[in-house]
Amino acid sequence: MESFDPAELPELLKLYYRRLFPYSQYYRWLNYGGVIKNYFQHREFSFTLKDDIYIRYQSFNNQSDLEKEMQKMNPYKIDIGAVYSHRPNQHNTVKLGAFQAQEKELVFDIDMTDYDDVRRCCSSADICSKCWTLMTMAIRIIDRALKEDFGFKHRLWVYSGRRGVHCWVCDESVRKLSSAVRSGIVEYLSLVKGGQDVKKKVHLNEKIHPFVRKSINIIKKYFEEYALVDQDILENKESWDKILALVPEAIHEDLQKNFQKSHSSLQRWEYLKKIASTSQNIKNDKCGPWLEWEIMLQYCFPRLDINVSKGINHLLKSPFSVHPKTGRISVPIDLQKVDQFDPFTVPTISSICHELDVIFTSEKEKEETDAESDVKHRTKDYKKTSLAPYVKVFEQFLENLDKSRKGELLKKSDLQKAF
């Protein structure tokens, strides 16, 4: 993997926006089949330029307009906002109060920094393979619920380029949801509550909601390796005291004694489970199998940024944007291969520009020897780089959107024929 030098970013971005950004797929996504008049034209984009210059309320007539502007501005970051009642670039000419956000995908933002109280390997912006499992579990838990509990079909998961993941739910009915309904959905998906001062952030009782049960079943698949081996959450007194703060005081003494005799997090966890489900403890104090579940959820359950999901006019970083600190591209994640996704193998802007240079040089040599070469037959540049498989994942997502749109249109025409 090419090392990334932020000083080279301006030059690399020029090449990226000129030859590698997948404009046609990108436009195809946000145009949603052109079914609704002016849907793309009323969409807000915001660009962050060099030195943190931030430009909101950009909007474009069509794909070519968007391409020209991106190649002129070479944004360090692209954010996508709502579809408004008027063209965002004309918002100053609209009567006060008339310019309103009307639709947007339902979005989720999961950031590793929100797990700093429960991960022991890294903190703040740093990530490693030991804590990335948190993101794997988050995608599995949230995606299952969006699909099965809510029936949402079109879910695009994207790596943020540094330390988190984003989800865009793009179903037509979902894009129309009010802020209140969005809040309700995020509320349903949130279990870890309370700020830094709150020690115990998850509270369950005998009645376990099916959503919680299903989430626990997903966590169980990862818990031993992630929490007890990689994070070693019961390694020493300092780490197990954090867990004792989550269990009833009546069993503290017993656990302390046993933990000191045990030799590993695995052994200590087994003993905690045994104590929690011993009948006399259940009678005396609020113990039960849900006690171990509360700990599992506090350490592993997804932590969503509620405000990002709730507001219709909230901006979120665009897929295929470049992270200016790491140089990594915000690439779509293949839901069939969530467990295999590795943020450290995601292409950087330097690596794909370098791949392009190598290809360009060899093609030039080939052209010189073969004067008849037809430029029209050139394959798209991104297809020759390691960005290609990620664009393919995006195309598959667009394919499904198209299919379901055509299905809806057929249903409508059939209904009209029936009358």
# chains A, B, ... in the order shown; residues from 1 in each chain; ligands from 1
$ select_by_dssp --residues "segment 305-408 of chain A" --states "strand (DSSP E or B)" --output "number ranges by chain"
A: 316-317, 322, 328-329, 332, 348
$ residues_around --residues "Asp254 of chain A" --least-positions-apart "5" --cutoff "10 Å" --atoms "only C-alpha atoms" --output "JSON, numbers by chain"
{"A": [249, 259, 271, 272, 275]}
$ write_last_selection --atoms "all heavy atoms" --output "CSV table (one decimal), in the first residue's frame"
chain,number,residue,atom,x,y,z
A,249,GLU,N,-24.0,-5.1,43.8
A,249,GLU,CA,-22.9,-5.1,44.8
A,249,GLU,C,-22.9,-6.4,45.6
A,249,GLU,O,-21.8,-6.8,46.0
A,249,GLU,CB,-23.2,-3.9,45.8
A,249,GLU,CG,-21.9,-3.2,46.0
A,249,GLU,CD,-22.1,-1.8,46.6
A,249,GLU,OE1,-22.4,-0.9,45.9
A,249,GLU,OE2,-22.1,-1.7,47.9
A,259,PHE,N,-11.8,-13.8,40.7
A,259,PHE,CA,-11.1,-13.2,39.6
A,259,PHE,C,-9.6,-13.2,40.0
A,259,PHE,O,-8.7,-13.4,39.1
A,259,PHE,CB,-11.5,-11.7,39.4
A,259,PHE,CG,-12.8,-11.6,38.7
A,259,PHE,CD1,-13.5,-12.7,38.2
A,259,PHE,CD2,-13.4,-10.4,38.3
A,259,PHE,CE1,-14.7,-12.6,37.5
A,259,PHE,CE2,-14.6,-10.2,37.6
A,259,PHE,CZ,-15.2,-11.4,37.2
A,271,TYR,N,-17.0,-17.6,35.1
A,271,TYR,CA,-17.4,-17.5,36.5
A,271,TYR,C,-18.5,-16.5,36.7
A,271,TYR,O,-19.5,-16.7,37.4
A,271,TYR,CB,-16.2,-17.3,37.5
A,271,TYR,CG,-16.6,-17.4,38.9
A,271,TYR,CD1,-16.7,-18.7,39.5
A,271,TYR,CD2,-16.7,-16.3,39.7
A,271,TYR,CE1,-17.1,-18.9,40.8
A,271,TYR,CE2,-17.1,-16.5,41.1
A,271,TYR,CZ,-17.3,-17.8,41.6
A,271,TYR,OH,-17.7,-17.9,42.9
A,272,LEU,N,-18.3,-15.3,36.1
A,272,LEU,CA,-19.3,-14.3,36.2
A,272,LEU,C,-20.7,-14.8,35.7
A,272,LEU,O,-21.7,-14.5,36.4
A,272,LEU,CB,-18.9,-13.0,35.4
A,272,LEU,CG,-19.7,-11.8,35.5
A,272,LEU,CD1,-18.9,-10.5,35.5
A,272,LEU,CD2,-20.8,-11.7,34.5
A,275,ILE,N,-22.2,-17.2,38.3
A,275,ILE,CA,-22.7,-16.4,39.5
A,275,ILE,C,-24.0,-15.7,39.2
A,275,ILE,O,-25.0,-15.7,40.0
A,275,ILE,CB,-21.6,-15.4,40.0
A,275,ILE,CG1,-20.5,-16.2,40.7
A,275,ILE,CG2,-22.2,-14.4,41.0
A,275,ILE,CD1,-20.9,-16.9,42.0
$ closest_residue --among "A:Leu234, A:Phe301, A:Arg162, A:Gly194" --to "Ile219 of chain A" --atoms "only C-alpha atoms"
A:Phe301
$ residues_around --residues "Gln63 of chain A" --least-positions-apart "6" --cutoff "9 Å" --atoms "only C-alpha atoms" --output "list of chain:residue names"
A:Tyr23, A:Ser24, A:Tyr26, A:Tyr27, A:Arg28
$ write_last_selection --atoms "N, CA, C and O atoms" --output "PDB file, in the first residue's frame"
ATOM      1  N   TYR A  23     -18.455   9.221 -11.783  1.00  0.00           N
ATOM      2  CA  TYR A  23     -19.539  10.206 -11.921  1.00  0.00           C
ATOM      3  C   TYR A  23     -20.865   9.611 -12.381  1.00  0.00           C
ATOM      4  O   TYR A  23     -21.915   9.975 -11.874  1.00  0.00           O
ATOM      5  N   SER A  24     -20.813   8.720 -13.388  1.00  0.00           N
ATOM      6  CA  SER A  24     -22.094   8.267 -13.952  1.00  0.00           C
ATOM      7  C   SER A  24     -22.887   7.459 -12.922  1.00  0.00           C
ATOM      8  O   SER A  24     -24.102   7.627 -12.790  1.00  0.00           O
ATOM      9  N   TYR A  26     -22.607   7.760  -9.678  1.00  0.00           N
ATOM     10  CA  TYR A  26     -22.927   8.710  -8.611  1.00  0.00           C
ATOM     11  C   TYR A  26     -24.194   9.493  -8.977  1.00  0.00           C
ATOM     12  O   TYR A  26     -25.115   9.644  -8.174  1.00  0.00           O
ATOM     13  N   TYR A  27     -24.239   9.961 -10.220  1.00  0.00           N
ATOM     14  CA  TYR A  27     -25.415  10.719 -10.699  1.00  0.00           C
ATOM     15  C   TYR A  27     -26.632   9.798 -10.767  1.00  0.00           C
ATOM     16  O   TYR A  27     -27.735  10.180 -10.387  1.00  0.00           O
ATOM     17  N   ARG A  28     -26.391   8.584 -11.230  1.00  0.00           N
ATOM     18  CA  ARG A  28     -27.486   7.613 -11.345  1.00  0.00           C
ATOM     19  C   ARG A  28     -28.124   7.367  -9.976  1.00  0.00           C
ATOM     20  O   ARG A  28     -29.339   7.230  -9.854  1.00  0.00           O
TER      21      ARG A  28
END
$ atom_distance --atom1 "atom CA of Tyr17 of chain A" --atom2 "atom CA of Met70 of chain A"
6.7 Å
$ closest_residue --among "A:Asn89, A:Arg18, A:Cys121, A:Glu8" --to "Leu356 of chain A" --atoms "only C-alpha atoms"
A:Arg18
$ residues_around --residues "Thr133 of chain A" --least-positions-apart "6" --cutoff "9 Å" --atoms "only C-alpha atoms" --output "ChimeraX atom specification"
/A:222,226,300,339
$ select_by_dssp --residues "segment 8-211 of chain A" --states "helix (DSSP H, G or I)" --output "JSON, numbers by chain"
{"A": [8, 9, 10, 11, 12, 13, 14, 15, 16, 17, 18, 19, 20, 23, 24, 25, 26, 27, 28, 29, 30, 31, 32, 33, 34, 50, 51, 52, 63, 64, 65, 66, 67, 68, 69, 70, 71, 72, 73, 88, 89, 90, 91, 92, 93, 112, 113, 114, 115, 129, 130, 131, 132, 133, 134, 135, 136, 137, 138, 139, 140, 141, 142, 143, 144, 145, 146, 147, 148, 149, 172, 173, 174, 175, 179, 180, 181, 182, 183, 184, 185, 186, 187, 188, 210, 211]}
$ closest_residue --among "A:Trp168, A:Phe152, A:Trp157, A:Tyr299" --to "Val107 of chain A" --atoms "only C-alpha atoms"
A:Trp168
$ residues_around --residues "Ile312 of chain A" --least-positions-apart "5" --cutoff "8 Å" --atoms "only C-alpha atoms" --output "list of chain:residue names"
A:Ala82, A:Ala101, A:Gln102, A:Glu103, A:Lys104, A:Ser178, A:Ser179
$ write_last_selection --atoms "N, CA and C atoms" --output "PDB file, in the first residue's frame"
ATOM      1  N   ALA A  82     -29.827  17.517   1.974  1.00  0.00           N
ATOM      2  CA  ALA A  82     -31.205  17.153   1.643  1.00  0.00           C
ATOM      3  C   ALA A  82     -31.590  17.593   0.239  1.00  0.00           C
ATOM      4  N   ALA A 101     -35.983  21.935   3.671  1.00  0.00           N
ATOM      5  CA  ALA A 101     -35.509  20.577   3.355  1.00  0.00           C
ATOM      6  C   ALA A 101     -36.736  19.677   3.287  1.00  0.00           C
ATOM      7  N   GLN A 102     -36.870  18.927   2.190  1.00  0.00           N
ATOM      8  CA  GLN A 102     -38.081  18.111   2.026  1.00  0.00           C
ATOM      9  C   GLN A 102     -37.840  16.607   2.128  1.00  0.00           C
ATOM     10  N   GLU A 103     -36.733  16.162   1.566  1.00  0.00           N
ATOM     11  CA  GLU A 103     -36.483  14.715   1.580  1.00  0.00           C
ATOM     12  C   GLU A 103     -35.000  14.445   1.763  1.00  0.00           C
ATOM     13  N   LYS A 104     -34.703  13.303   2.313  1.00  0.00           N
ATOM     14  CA  LYS A 104     -33.312  12.827   2.339  1.00  0.00           C
ATOM     15  C   LYS A 104     -33.297  11.363   2.750  1.00  0.00           C
ATOM     16  N   SER A 178     -40.528  11.975   8.141  1.00  0.00           N
ATOM     17  CA  SER A 178     -40.371  13.201   8.931  1.00  0.00           C
ATOM     18  C   SER A 178     -39.254  13.014   9.949  1.00  0.00           C
ATOM     19  N   SER A 179     -38.818  14.122  10.497  1.00  0.00           N
ATOM     20  CA  SER A 179     -37.770  14.103  11.509  1.00  0.00           C
ATOM     21  C   SER A 179     -38.220  13.288  12.732  1.00  0.00           C
TER      22      SER A 179
END
$ atom_distance --atom1 "atom CA of Leu9 of chain A" --atom2 "atom CA of Ser350 of chain A"
8.3 Å
$ closest_residue --among "A:Leu401, A:Ala276, A:Leu177, A:Met296" --to "Glu224 of chain A" --atoms "only C-alpha atoms"
A:Met296
$ closest_residue --among "A:Gly33, A:Pro6, A:Pro22, A:Pro319" --to "Lys406 of chain A" --atoms "only C-alpha atoms"
A:Gly33
$ closest_residue --among "A:Glu408, A:Tyr76, A:Phe397, A:Phe360" --to "Asp52 of chain A" --atoms "only C-alpha atoms"
A:Tyr76
$ residues_around --residues "segment 265-269 of chain A" --least-positions-apart "3" --cutoff "9 Å" --atoms "only C-alpha atoms" --output "list in words"
Glu224, Ala227, Leu228, Val229, Asp232, Ile233, Leu234, Glu235, Asn236, Trp240, Leu255, Asn258, Phe259, Gln260, Ser262, Leu272, Lys273, Lys274 and Glu292 of chain A
$ atom_distance --atom1 "atom CA of Leu30 of chain A" --atom2 "atom CA of Gln416 of chain A"
28.0 Å
